[in-house]
$ cat coords_14.csv   # CSV, C-alpha atoms and all ligand atoms
chain,number,residue,atom,x,y,z
A,1,MET,CA,4.3,-24.2,-4.2
A,2,SER,CA,3.1,-20.6,-4.4
A,3,ILE,CA,4.4,-17.2,-3.6
A,4,LEU,CA,2.3,-14.9,-1.5
A,5,VAL,CA,2.4,-11.3,-2.5
A,6,LEU,CA,1.0,-9.0,0.2
A,7,GLY,CA,0.0,-5.7,-1.4
A,8,GLY,CA,0.0,-7.2,-4.8
A,9,ALA,CA,-2.7,-4.8,-6.0
A,10,GLY,CA,-0.5,-1.8,-5.4
A,11,TYR,CA,2.0,0.0,-7.7
A,12,ILE,CA,5.2,-1.9,-7.1
A,13,GLY,CA,3.4,-5.1,-6.0
A,14,SER,CA,1.3,-5.4,-9.1
A,15,HIS,CA,4.4,-4.9,-11.4
A,16,THR,CA,6.2,-7.6,-9.4
A,17,VAL,CA,3.3,-10.0,-9.8
A,18,TYR,CA,3.3,-9.5,-13.6
A,19,GLU,CA,7.0,-10.4,-13.7
A,20,LEU,CA,6.5,-13.4,-11.4
A,21,ILE,CA,3.7,-14.8,-13.5
A,22,ASP,CA,5.7,-14.1,-16.7
A,23,LYS,CA,8.4,-16.4,-15.2
A,24,GLY,CA,5.8,-19.2,-14.5
A,25,ALA,CA,5.3,-18.7,-10.8
A,26,ASP,CA,2.1,-19.5,-9.0
A,27,VAL,CA,1.0,-16.4,-7.2
A,28,VAL,CA,-1.4,-15.7,-4.4
A,29,ILE,CA,-2.2,-12.0,-3.7
A,30,ALA,CA,-3.6,-10.5,-0.5
A,31,ASP,CA,-4.5,-6.8,-0.5
A,32,ASN,CA,-7.0,-4.8,1.5
A,33,LEU,CA,-7.5,-2.5,-1.5
A,34,GLU,CA,-7.1,0.6,0.7
A,35,THR,CA,-4.5,2.0,-1.8
A,36,GLY,CA,-4.4,-0.9,-4.2
A,37,HIS,CA,-6.7,-1.5,-7.2
A,38,ILE,CA,-8.7,-4.6,-8.1
A,39,GLU,CA,-8.0,-3.8,-11.8
A,40,ALA,CA,-4.2,-4.2,-11.0
A,41,VAL,CA,-4.7,-7.8,-9.8
A,42,HIS,CA,-3.2,-10.1,-12.4
A,43,PRO,CA,-6.0,-12.4,-13.8
A,44,LYS,CA,-3.8,-15.5,-13.2
A,45,ALA,CA,-3.2,-14.8,-9.5
A,46,ARG,CA,-5.6,-16.0,-6.7
A,47,PHE,CA,-6.8,-13.0,-4.8
A,48,TYR,CA,-7.7,-12.7,-1.1
A,49,LYS,CA,-9.2,-9.3,0.0
A,50,GLY,CA,-8.3,-8.5,3.6
A,51,ASP,CA,-6.0,-6.9,6.0
A,52,ILE,CA,-2.7,-8.3,7.3
A,53,ARG,CA,-3.5,-6.9,10.8
A,54,SER,CA,-6.1,-9.7,11.0
A,55,ARG,CA,-4.4,-12.8,12.2
A,56,GLY,CA,-7.4,-14.9,11.1
A,57,PHE,CA,-7.2,-13.5,7.6
A,58,VAL,CA,-3.5,-14.3,7.3
A,59,ASP,CA,-3.7,-17.7,8.9
A,60,ASN,CA,-6.5,-18.7,6.5
A,61,ILE,CA,-4.3,-18.0,3.5
A,62,PHE,CA,-1.4,-20.1,4.9
A,63,GLU,CA,-3.9,-22.9,5.7
A,64,ASN,CA,-5.6,-22.8,2.2
A,65,GLU,CA,-2.6,-22.4,0.1
A,66,GLU,CA,0.9,-24.0,-0.1
A,67,ILE,CA,2.9,-20.9,0.4
A,68,HIS,CA,6.7,-21.3,-0.1
A,69,ALA,CA,7.7,-17.6,0.5
A,70,VAL,CA,6.3,-14.2,1.0
A,71,ILE,CA,6.9,-10.8,-0.7
A,72,HIS,CA,5.6,-8.0,1.5
A,73,PHE,CA,4.5,-4.7,0.0
A,74,ALA,CA,1.5,-4.2,2.2
A,75,ALA,CA,2.2,-0.8,3.9
A,76,ASN,CA,1.3,2.9,3.8
A,77,SER,CA,4.0,4.9,2.1
A,78,LEU,CA,3.3,8.6,2.0
A,79,VAL,CA,6.0,10.6,3.8
A,80,GLY,CA,3.8,13.7,4.4
A,81,GLU,CA,0.8,11.7,5.7
A,82,SER,CA,3.1,9.8,8.0
A,83,MET,CA,4.1,13.0,9.7
A,84,VAL,CA,0.4,14.1,10.2
A,85,ASP,CA,-0.8,10.6,11.3
A,86,PRO,CA,2.2,8.7,12.6
A,87,LEU,CA,0.1,6.1,14.5
A,88,LYS,CA,-1.6,5.1,11.3
A,89,TYR,CA,1.9,4.1,10.1
A,90,TYR,CA,2.8,2.3,13.3
A,91,ASP,CA,-0.5,0.5,13.2
A,92,ASN,CA,-0.6,-0.7,9.6
A,93,ASN,CA,3.2,-1.0,8.9
A,94,VAL,CA,4.6,-2.2,12.2
A,95,CYS,CA,1.6,-4.0,13.8
A,96,GLY,CA,0.6,-5.5,10.4
A,97,THR,CA,4.1,-6.9,10.0
A,98,LYS,CA,4.1,-8.3,13.5
A,99,VAL,CA,0.9,-10.2,12.8
A,100,LEU,CA,2.3,-11.4,9.5
A,101,LEU,CA,5.6,-12.7,11.0
A,102,GLU,CA,3.7,-14.5,13.9
A,103,SER,CA,1.5,-16.3,11.3
A,104,MET,CA,4.5,-17.1,9.1
A,105,ILE,CA,6.4,-18.7,12.1
A,106,ALA,CA,3.3,-20.6,13.2
A,107,HIS,CA,2.9,-22.0,9.6
A,108,ASP,CA,6.7,-22.6,9.2
A,109,VAL,CA,7.0,-20.2,6.3
A,110,LYS,CA,10.4,-18.7,6.8
A,111,LYS,CA,11.4,-16.7,3.7
A,112,ILE,CA,10.3,-13.1,3.1
A,113,VAL,CA,11.3,-10.4,0.6
A,114,PHE,CA,10.4,-7.0,2.1
A,115,SER,CA,9.7,-3.7,0.5
A,116,SER,CA,11.9,-1.1,2.3
A,117,THR,CA,12.9,2.4,1.4
A,118,ALA,CA,15.8,4.8,1.1
A,119,ALA,CA,13.8,6.8,3.7
A,120,THR,CA,15.4,4.5,6.3
A,121,TYR,CA,18.7,6.5,5.9
A,122,GLY,CA,17.3,10.0,6.4
A,123,GLU,CA,19.7,12.8,5.6
A,124,PRO,CA,22.7,10.9,4.0
A,125,GLU,CA,26.2,11.1,5.4
A,126,ASN,CA,27.8,9.9,2.1
A,127,ILE,CA,26.8,9.9,-1.6
A,128,PRO,CA,26.3,7.3,-3.0
A,129,ILE,CA,24.5,5.7,-0.1
A,130,MET,CA,25.8,2.3,1.0
A,131,GLU,CA,23.7,-0.3,2.9
A,132,ASP,CA,25.9,0.0,6.0
A,133,ASP,CA,25.6,3.7,6.2
A,134,ARG,CA,23.9,5.3,9.2
A,135,THR,CA,20.1,4.9,9.3
A,136,CYS,CA,18.5,7.9,10.9
A,137,PRO,CA,15.0,8.4,9.4
A,138,THR,CA,13.6,12.0,9.2
A,139,ASN,CA,10.0,10.9,8.9
A,140,THR,CA,7.6,8.3,10.5
A,141,TYR,CA,7.3,6.4,7.2
A,142,GLY,CA,11.0,5.7,7.1
A,143,GLU,CA,11.1,5.0,10.9
A,144,THR,CA,8.3,2.4,10.6
A,145,LYS,CA,10.1,0.7,7.6
A,146,LEU,CA,13.3,0.5,9.6
A,147,ALA,CA,11.3,-0.9,12.6
A,148,MET,CA,9.9,-3.6,10.2
A,149,GLU,CA,13.5,-4.5,9.1
A,150,LYS,CA,14.6,-4.7,12.7
A,151,MET,CA,11.6,-6.9,13.6
A,152,MET,CA,12.7,-9.3,10.8
A,153,LYS,CA,16.3,-9.3,12.0
A,154,TRP,CA,15.3,-10.4,15.6
A,155,THR,CA,12.7,-12.9,14.3
A,156,ASP,CA,15.6,-14.4,12.2
A,157,ALA,CA,17.8,-14.6,15.4
A,158,ALA,CA,15.0,-16.3,17.3
A,159,HIS,CA,13.2,-18.4,14.7
A,160,GLY,CA,15.5,-18.6,11.6
A,161,LEU,CA,13.2,-16.5,9.4
A,162,LYS,CA,15.3,-15.4,6.4
A,163,TYR,CA,14.5,-12.0,4.9
A,164,VAL,CA,15.8,-9.6,2.2
A,165,ALA,CA,15.0,-6.0,2.7
A,166,LEU,CA,15.1,-4.0,-0.5
A,167,ARG,CA,15.6,-0.3,0.0
A,168,TYR,CA,14.1,1.5,-3.0
A,169,PHE,CA,15.1,4.9,-4.2
A,170,ASN,CA,12.6,6.8,-6.4
A,171,ALA,CA,10.3,4.2,-8.0
A,172,CYS,CA,8.7,5.3,-11.3
A,173,GLY,CA,7.6,4.3,-14.8
A,174,ALA,CA,5.0,1.7,-15.8
A,175,HIS,CA,4.6,-1.8,-17.3
A,176,GLU,CA,5.6,-2.0,-21.0
A,177,SER,CA,2.1,-3.3,-21.8
A,178,GLY,CA,0.6,0.0,-20.7
A,179,SER,CA,-2.1,-1.9,-18.7
A,180,ILE,CA,-0.8,-1.2,-15.2
A,181,GLY,CA,1.0,1.8,-13.8
A,182,GLU,CA,1.2,4.3,-11.0
A,183,ALA,CA,-2.2,5.4,-9.6
A,184,HIS,CA,-2.0,7.1,-6.2
A,185,SER,CA,-4.7,9.2,-4.6
A,186,PRO,CA,-3.7,11.8,-3.7
A,187,GLU,CA,-0.7,11.7,-6.0
A,188,THR,CA,2.5,13.2,-4.5
A,189,HIS,CA,5.3,11.9,-6.7
A,190,LEU,CA,7.2,14.1,-9.1
A,191,ILE,CA,6.9,12.3,-12.4
A,192,PRO,CA,3.1,11.6,-12.4
A,193,LEU,CA,2.5,15.2,-11.2
A,194,ILE,CA,4.7,16.6,-14.0
A,195,LEU,CA,2.7,14.5,-16.6
A,196,GLN,CA,-0.6,16.0,-15.2
A,197,VAL,CA,0.4,19.3,-16.8
A,198,PRO,CA,0.4,18.1,-20.5
A,199,LEU,CA,-2.8,16.1,-19.7
A,200,ASN,CA,-4.4,19.5,-18.7
A,201,GLN,CA,-5.1,18.2,-15.2
A,202,ARG,CA,-2.9,20.9,-13.6
A,203,GLU,CA,-1.7,24.3,-14.8
A,204,TYR,CA,2.0,23.9,-13.7
A,205,ILE,CA,4.3,21.8,-11.7
A,206,SER,CA,5.7,23.3,-8.5
A,207,ILE,CA,9.4,23.0,-8.0
A,208,PHE,CA,9.9,22.5,-4.3
A,209,GLY,CA,13.0,24.8,-3.7
A,210,ASP,CA,15.7,26.0,-6.1
A,211,ASP,CA,18.2,27.0,-3.5
A,212,TYR,CA,19.7,23.6,-2.7
A,213,ASP,CA,23.4,23.1,-3.0
A,214,THR,CA,23.1,21.2,-6.3
A,215,LYS,CA,24.1,22.1,-9.9
A,216,ASP,CA,20.8,23.9,-10.7
A,217,GLY,CA,19.5,24.4,-7.1
A,218,THR,CA,16.8,21.7,-7.3
A,219,CYS,CA,16.8,18.4,-5.5
A,220,ILE,CA,18.6,15.4,-6.9
A,221,ARG,CA,17.0,11.9,-6.9
A,222,ASP,CA,17.8,8.4,-8.2
A,223,TYR,CA,14.9,7.4,-10.4
A,224,ILE,CA,14.5,3.6,-10.8
A,225,HIS,CA,12.0,1.9,-13.2
A,226,VAL,CA,9.4,-0.2,-11.5
A,227,THR,CA,10.1,-3.2,-13.7
A,228,ASP,CA,13.7,-3.1,-12.7
A,229,LEU,CA,12.5,-3.1,-9.0
A,230,ALA,CA,10.2,-6.0,-9.8
A,231,GLN,CA,13.1,-8.0,-11.3
A,232,ALA,CA,15.1,-7.3,-8.1
A,233,HIS,CA,12.4,-8.9,-6.0
A,234,ILE,CA,12.5,-12.1,-8.1
A,235,LEU,CA,16.2,-12.3,-7.8
A,236,ALA,CA,15.9,-11.7,-4.0
A,237,LEU,CA,13.4,-14.5,-3.8
A,238,LYS,CA,15.7,-16.8,-5.7
A,239,TYR,CA,18.6,-15.8,-3.4
A,240,LEU,CA,16.5,-16.8,-0.4
A,241,LEU,CA,15.2,-20.0,-1.9
A,242,ASP,CA,18.8,-21.0,-2.8
A,243,GLY,CA,19.6,-20.7,0.9
A,244,GLY,CA,20.9,-17.1,1.1
A,245,ASP,CA,21.2,-15.5,4.5
A,246,SER,CA,19.2,-12.5,5.6
A,247,ASN,CA,20.4,-9.3,3.8
A,248,ILE,CA,19.7,-5.7,2.8
A,249,PHE,CA,20.1,-4.2,-0.6
A,250,ASN,CA,19.7,-0.7,-2.1
A,251,LEU,CA,17.9,-0.5,-5.4
A,252,GLY,CA,18.7,2.6,-7.6
A,253,ASN,CA,20.5,3.4,-10.8
A,254,GLY,CA,23.3,5.3,-9.1
A,255,ILE,CA,22.6,8.3,-11.2
A,256,GLY,CA,21.0,11.5,-9.9
A,257,PHE,CA,18.7,13.9,-11.8
A,258,THR,CA,17.6,17.3,-10.6
A,259,VAL,CA,13.9,18.2,-10.5
A,260,LYS,CA,14.5,20.6,-13.4
A,261,GLU,CA,16.2,17.9,-15.5
A,262,VAL,CA,13.2,15.6,-14.9
A,263,ILE,CA,10.9,18.3,-16.1
A,264,GLU,CA,13.1,19.0,-19.2
A,265,THR,CA,13.1,15.3,-20.0
A,266,ALA,CA,9.3,15.1,-19.7
A,267,LYS,CA,9.0,18.0,-22.2
A,268,LYS,CA,11.2,16.1,-24.6
A,269,VAL,CA,9.3,12.8,-24.2
A,270,THR,CA,5.8,14.3,-24.5
A,271,GLY,CA,6.7,17.0,-27.1
A,272,LEU,CA,4.5,19.3,-25.1
A,273,GLU,CA,5.1,22.5,-23.0
A,274,ILE,CA,5.2,21.9,-19.3
A,275,ASN,CA,4.9,25.1,-17.1
A,276,ALA,CA,6.8,25.1,-13.9
A,277,LYS,CA,6.9,27.5,-10.9
A,278,ILE,CA,9.4,27.7,-8.1
A,279,ALA,CA,7.7,27.0,-4.7
A,280,PRO,CA,9.1,26.9,-1.2
A,281,ARG,CA,11.1,23.8,-0.1
A,282,ARG,CA,9.1,20.8,1.1
A,283,ALA,CA,9.8,19.9,4.7
A,284,GLY,CA,12.1,16.9,5.1
A,285,ASP,CA,13.5,16.8,1.6
A,286,PRO,CA,17.2,16.0,1.5
A,287,ALA,CA,19.1,17.8,-1.3
A,288,ARG,CA,20.6,14.6,-2.8
A,289,LEU,CA,19.7,10.9,-2.6
A,290,ILE,CA,21.7,8.5,-4.8
A,291,ALA,CA,22.1,4.8,-4.2
A,292,SER,CA,25.1,2.6,-4.5
A,293,SER,CA,23.5,-0.6,-5.8
A,294,ASP,CA,26.8,-2.4,-6.3
A,295,LYS,CA,25.8,-5.0,-3.6
A,296,ALA,CA,22.6,-5.9,-5.4
A,297,ARG,CA,24.5,-6.2,-8.7
A,298,GLU,CA,27.2,-8.4,-7.1
A,299,VAL,CA,25.2,-10.6,-4.8
A,300,LEU,CA,21.9,-10.8,-6.6
A,301,GLY,CA,23.2,-10.4,-10.1
A,302,TRP,CA,20.7,-7.5,-10.6
A,303,ASN,CA,21.2,-5.5,-13.8
A,304,PRO,CA,18.6,-2.8,-14.4
A,305,GLN,CA,17.4,-2.8,-18.0
A,306,HIS,CA,15.5,0.5,-18.0
A,307,ALA,CA,17.9,3.0,-16.4
A,308,ASP,CA,17.5,5.7,-19.1
A,309,LEU,CA,15.3,8.6,-17.7
A,310,GLU,CA,13.7,9.2,-21.2
A,311,GLU,CA,12.7,5.6,-21.3
A,312,ILE,CA,11.3,5.7,-17.8
A,313,ILE,CA,9.3,8.8,-18.4
A,314,ALA,CA,8.1,7.5,-21.8
A,315,SER,CA,6.7,4.4,-20.1
A,316,ALA,CA,5.0,6.6,-17.5
A,317,TRP,CA,3.6,8.8,-20.3
A,318,LYS,CA,2.2,5.8,-22.1
A,319,TRP,CA,0.3,4.7,-19.0
A,320,HIS,CA,-0.9,8.2,-17.9
A,321,SER,CA,-1.9,9.4,-21.3
A,322,THR,CA,-4.1,6.3,-21.9
A,323,HIS,CA,-5.3,6.2,-18.3
A,324,PRO,CA,-5.7,9.9,-17.3
A,325,HIS,CA,-7.8,8.9,-14.2
A,326,GLY,CA,-5.7,5.9,-13.3
A,327,PHE,CA,-7.8,2.7,-13.0
A,328,ARG,CA,-11.0,4.7,-13.0
A,329,LYS,CA,-12.8,5.3,-16.3
A,330,GLN,CA,-13.4,9.0,-15.4
A,331,GLU,CA,-12.9,11.5,-12.7
A,332,ALA,CA,-14.9,10.5,-9.6
A,401,LIG,N1,9.0,17.5,-6.1
A,401,LIG,C1,8.7,18.8,-6.6
A,401,LIG,N2,7.4,19.1,-6.9
A,401,LIG,C2,6.4,18.2,-6.7
A,401,LIG,C3,6.7,16.9,-6.2
A,401,LIG,C4,8.0,16.6,-5.9
A,401,LIG,O1,9.6,19.6,-6.8
A,401,LIG,O2,5.2,18.6,-7.0
A,401,LIG,C5,10.4,17.2,-5.8
A,401,LIG,C6,10.6,16.8,-4.3
A,401,LIG,O3,10.9,17.9,-3.6
A,401,LIG,C7,11.8,15.8,-4.5
A,401,LIG,C8,11.6,15.2,-5.8
A,401,LIG,O4,10.7,16.0,-6.5
A,401,LIG,O5,13.0,16.6,-4.5
A,401,LIG,C9,11.1,13.8,-5.8
A,401,LIG,O6,9.9,13.8,-5.0
A,401,LIG,P1,8.9,12.6,-4.8
A,401,LIG,O7,7.8,13.0,-3.9
A,401,LIG,O8,8.5,12.0,-6.1
A,401,LIG,O9,9.8,11.5,-4.1
A,401,LIG,P2,10.7,11.6,-2.7
A,401,LIG,O10,12.1,11.6,-3.1
A,401,LIG,O11,10.2,12.6,-1.8
A,401,LIG,O12,10.3,10.2,-2.0
A,401,LIG,C10,10.5,8.9,-2.6
A,401,LIG,C11,9.4,8.0,-2.3
A,401,LIG,C12,9.4,7.7,-0.8
A,401,LIG,C13,10.7,7.3,-0.3
A,401,LIG,C14,11.8,8.3,-0.7
A,401,LIG,C15,13.1,7.8,-0.3
A,401,LIG,O13,8.2,8.5,-2.7
A,401,LIG,O14,8.4,6.7,-0.5
A,401,LIG,O15,11.7,8.5,-2.1
A,401,LIG,O16,14.1,8.6,-0.7
A,401,LIG,F1,10.7,7.3,1.1

$ encode --input "coords_14.csv" --output "structure tokens"
Amino acid sequence: MSILVLGGAGYIGSHTVYELIDKGADVVIADNLETGHIEAVHPKARFYKGDIRSRGFVDNIFENEEIHAVIHFAANSLVGESMVDPLKYYDNNVCGTKVLLESMIAHDVKKIVFSSTAATYGEPENIPIMEDDRTCPTNTYGETKLAMEKMMKWTDAAHGLKYVALRYFNACGAHESGSIGEAHSPETHLIPLILQVPLNQREYISIFGDDYDTKDGTCIRDYIHVTDLAQAHILALKYLLDGGDSNIFNLGNGIGFTVKEVIETAKKVTGLEINAKIAPRRAGDPARLIASSDKAREVLGWNPQHADLEEIIASAWKWHSTHPHGFRKQEA
């Protein structure tokens, strides 16, 4: 019996595959390598290159392999891009998931762990954010992830497909081995961008706004180590395989750090100067996003092991300083 990981060559997908294989699971990966990397595919996983929007491609995997459950990371995930090209997000994220669910039902595979996002909430009404708080996305990316969750809910009602949606806050850090890590192109996330400064790949980090209503005026986020996210997927899978009902969980540490605090911590970890400049606010950025993950702790037994920001940044630094061009040997 195997686990199918869609998007298993991507950042969070590859880290989850490493943890699954560590625990003895048999893993099949499907990825179109649009944003994933062949180098991130675990050598012990069986790999299918292709796109989940192709029903024939997905059917072929279910027919070739004995798939017990699916973990679904295969989606586009850039907030800014989703505002410029919303239909790309509807096509890949929503239409791709529709094809996947049709194929799962046709092959009687009825358990799926799904990579969702805190962007489903939009501007929060309460801090920390609870799973039953209002969902009102402020960008297409979050809207499509919410649509994917809803598609699973109604597929459960009609066909008994059981799903767990994991709403991540700010994923960061890298595998302890230093062999896989974050490698986006273009990179838009705070921690890898900060670390480009001591790597001499950028002159300074721009701080997007210092006039928010927070302790130092910069935005507060809940940074969560990618290995802790990976462990949550394994616990969610176990929960479903043990007969758990469809459910939604937030994944964060419940602790917020400002942009300035993240920069200060990166200076401490690297021991190097990191120049920063105040820039205008970035459109769509809420001032404060902090998760309540009590539900994941109580129901799944999730217990993040790498919550310390210094440890998170140190793991990212280990990856970026040894792979300054990500999975490429040199700048393309
Ligand atoms: N930031 C800067 N300068 C930069 C980049 C980011 O100041 O050069 C700030 C942002 O304004 C924000 C914080 O750093 O306040 C974190 O920004 P990221 O782009 O790293 O992450 P986001 O909080 O915007 O988004 C993340 C995920 C999304 C997800 C969202 C949910 O990347 O996929 O969390 O809250 F939707």

$ residues_near_ligand --input "coords_14.csv" --ligand "ligand LIG 401 (chain A)" --cutoff "9 Å" --atoms "all atoms listed in the file" --output "ChimeraX atom specification"
/A:77-80,116-122,139,141-142,167-172,187-194,205-210,218-223,258-260,262,278-279,281-290

$ write_last_selection --input "coords_14.csv" --atoms "C-alpha atoms" --output "compact mmCIF listing (two decimals), in the frame of the given file"
# COMPACT_ATOMS: atom_id res chain seq x y z
CA SER A 77 4.00 4.90 2.10
CA LEU A 78 3.30 8.60 2.00
CA VAL A 79 6.00 10.60 3.80
CA GLY A 80 3.80 13.70 4.40
CA SER A 116 11.90 -1.10 2.30
CA THR A 117 12.90 2.40 1.40
CA ALA A 118 15.80 4.80 1.10
CA ALA A 119 13.80 6.80 3.70
CA THR A 120 15.40 4.50 6.30
CA TYR A 121 18.70 6.50 5.90
CA GLY A 122 17.30 10.00 6.40
CA ASN A 139 10.00 10.90 8.90
CA TYR A 141 7.30 6.40 7.20
CA GLY A 142 11.00 5.70 7.10
CA ARG A 167 15.60 -0.30 0.00
CA TYR A 168 14.10 1.50 -3.00
CA PHE A 169 15.10 4.90 -4.20
CA ASN A 170 12.60 6.80 -6.40
CA ALA A 171 10.30 4.20 -8.00
CA CYS A 172 8.70 5.30 -11.30
CA GLU A 187 -0.70 11.70 -6.00
CA THR A 188 2.50 13.20 -4.50
CA HIS A 189 5.30 11.90 -6.70
CA LEU A 190 7.20 14.10 -9.10
CA ILE A 191 6.90 12.30 -12.40
CA PRO A 192 3.10 11.60 -12.40
CA LEU A 193 2.50 15.20 -11.20
CA ILE A 194 4.70 16.60 -14.00
CA ILE A 205 4.30 21.80 -11.70
CA SER A 206 5.70 23.30 -8.50
CA ILE A 207 9.40 23.00 -8.00
CA PHE A 208 9.90 22.50 -4.30
CA GLY A 209 13.00 24.80 -3.70
CA ASP A 210 15.70 26.00 -6.10
CA THR A 218 16.80 21.70 -7.30
CA CYS A 219 16.80 18.40 -5.50
CA ILE A 220 18.60 15.40 -6.90
CA ARG A 221 17.00 11.90 -6.90
CA ASP A 222 17.80 8.40 -8.20
CA TYR A 223 14.90 7.40 -10.40
CA THR A 258 17.60 17.30 -10.60
CA VAL A 259 13.90 18.20 -10.50
CA LYS A 260 14.50 20.60 -13.40
CA VAL A 262 13.20 15.60 -14.90
CA ILE A 278 9.40 27.70 -8.10
CA ALA A 279 7.70 27.00 -4.70
CA ARG A 281 11.10 23.80 -0.10
CA ARG A 282 9.10 20.80 1.10
CA ALA A 283 9.80 19.90 4.70
CA GLY A 284 12.10 16.90 5.10
CA ASP A 285 13.50 16.80 1.60
CA PRO A 286 17.20 16.00 1.50
CA ALA A 287 19.10 17.80 -1.30
CA ARG A 288 20.60 14.60 -2.80
CA LEU A 289 19.70 10.90 -2.60
CA ILE A 290 21.70 8.50 -4.80

$ atom_distance --input "coords_14.csv" --atom1 "atom CA of Asn76 of chain A" --atom2 "atom CA of Thr35 of chain A"
8.1 Å

$ atom_distance --input "coords_14.csv" --atom1 "atom CA of Tyr89 of chain A" --atom2 "atom CA of Val17 of chain A"
24.4 Å

$ closest_residue --input "coords_14.csv" --among "A:His68, A:Lys88, A:His159, A:Arg55" --to "Ile105 of chain A" --atoms "all atoms listed in the file"
A:His159

$ residues_around --input "coords_14.csv" --residues "Thr227 of chain A" --least-positions-apart "5" --cutoff "12 Å" --atoms "all atoms listed in the file" --output "PyMOL selection string"
chain A and resi 11-20+171-177+180-182+232-234+251+302-307+311-312+315-316

$ write_last_selection --input "coords_14.csv" --atoms "C-alpha atoms" --output "mmCIF file, keeping the file's coordinate frame"
data_model
loop_
_atom_site.group_PDB
_atom_site.id
_atom_site.type_symbol
_atom_site.label_atom_id
_atom_site.label_comp_id
_atom_site.auth_asym_id
_atom_site.auth_seq_id
_atom_site.Cartn_x
_atom_site.Cartn_y
_atom_site.Cartn_z
ATOM 1 C CA TYR A 11 2.000 0.000 -7.700
ATOM 2 C CA ILE A 12 5.200 -1.900 -7.100
ATOM 3 C CA GLY A 13 3.400 -5.100 -6.000
ATOM 4 C CA SER A 14 1.300 -5.400 -9.100
ATOM 5 C CA HIS A 15 4.400 -4.900 -11.400
ATOM 6 C CA THR A 16 6.200 -7.600 -9.400
ATOM 7 C CA VAL A 17 3.300 -10.000 -9.800
ATOM 8 C CA TYR A 18 3.300 -9.500 -13.600
ATOM 9 C CA GLU A 19 7.000 -10.400 -13.700
ATOM 10 C CA LEU A 20 6.500 -13.400 -11.400
ATOM 11 C CA ALA A 171 10.300 4.200 -8.000
ATOM 12 C CA CYS A 172 8.700 5.300 -11.300
ATOM 13 C CA GLY A 173 7.600 4.300 -14.800
ATOM 14 C CA ALA A 174 5.000 1.700 -15.800
ATOM 15 C CA HIS A 175 4.600 -1.800 -17.300
ATOM 16 C CA GLU A 176 5.600 -2.000 -21.000
ATOM 17 C CA SER A 177 2.100 -3.300 -21.800
ATOM 18 C CA ILE A 180 -0.800 -1.200 -15.200
ATOM 19 C CA GLY A 181 1.000 1.800 -13.800
ATOM 20 C CA GLU A 182 1.200 4.300 -11.000
ATOM 21 C CA ALA A 232 15.100 -7.300 -8.100
ATOM 22 C CA HIS A 233 12.400 -8.900 -6.000
ATOM 23 C CA ILE A 234 12.500 -12.100 -8.100
ATOM 24 C CA LEU A 251 17.900 -0.500 -5.400
ATOM 25 C CA TRP A 302 20.700 -7.500 -10.600
ATOM 26 C CA ASN A 303 21.200 -5.500 -13.800
ATOM 27 C CA PRO A 304 18.600 -2.800 -14.400
ATOM 28 C CA GLN A 305 17.400 -2.800 -18.000
ATOM 29 C CA HIS A 306 15.500 0.500 -18.000
ATOM 30 C CA ALA A 307 17.900 3.000 -16.400
ATOM 31 C CA GLU A 311 12.700 5.600 -21.300
ATOM 32 C CA ILE A 312 11.300 5.700 -17.800
ATOM 33 C CA SER A 315 6.700 4.400 -20.100
ATOM 34 C CA ALA A 316 5.000 6.600 -17.500
#

$ residues_around --input "coords_14.csv" --residues "Asn250 of chain A" --least-positions-apart "4" --cutoff "7 Å" --atoms "all atoms listed in the file" --output "PDB file with C-alpha atoms, in the frame of the given file"
ATOM      1  CA  GLU A 131      23.700  -0.300   2.900  1.00  0.00           C
ATOM      2  CA  LEU A 166      15.100  -4.000  -0.500  1.00  0.00           C
ATOM      3  CA  ARG A 167      15.600  -0.300   0.000  1.00  0.00           C
ATOM      4  CA  TYR A 168      14.100   1.500  -3.000  1.00  0.00           C
ATOM      5  CA  ALA A 291      22.100   4.800  -4.200  1.00  0.00           C
ATOM      6  CA  SER A 292      25.100   2.600  -4.500  1.00  0.00           C
ATOM      7  CA  SER A 293      23.500  -0.600  -5.800  1.00  0.00           C
ATOM      8  CA  ALA A 296      22.600  -5.900  -5.400  1.00  0.00           C
TER       9      ALA A 296
END

$ closest_atom_pairs --input "coords_14.csv" --of "segment 169-274 of chain A" --to "segment 160-165 of chain A" --cutoff "7 Å" --atoms "only C-alpha atoms" --output "CSV"
residue,atom,partner,partner_atom,distance
A:Ala236,CA,A:Val164,CA,6.5
A:Asp245,CA,A:Lys162,CA,6.2
A:Ser246,CA,A:Tyr163,CA,4.8
A:Asn247,CA,A:Val164,CA,4.9
A:Ile248,CA,A:Ala165,CA,4.7
A:Phe249,CA,A:Ala165,CA,6.3

$ residues_around --input "coords_14.csv" --residues "segment 147-153 of chain A" --least-positions-apart "2" --cutoff "7 Å" --atoms "all atoms listed in the file" --output "list in words"
Val94, Thr97, Glu143, Thr144, Lys145, Thr155, Asp156, Ala157, Tyr163 and Ala165 of chain A

$ atom_distance --input "coords_14.csv" --atom1 "atom CA of Leu4 of chain A" --atom2 "atom CA of Ile29 of chain A"
5.8 Å

$ closest_residue --input "coords_14.csv" --among "A:Arg53, A:Lys110, A:Lys277, A:Arg46" --to "Ile71 of chain A" --atoms "all atoms listed in the file"
A:Lys110
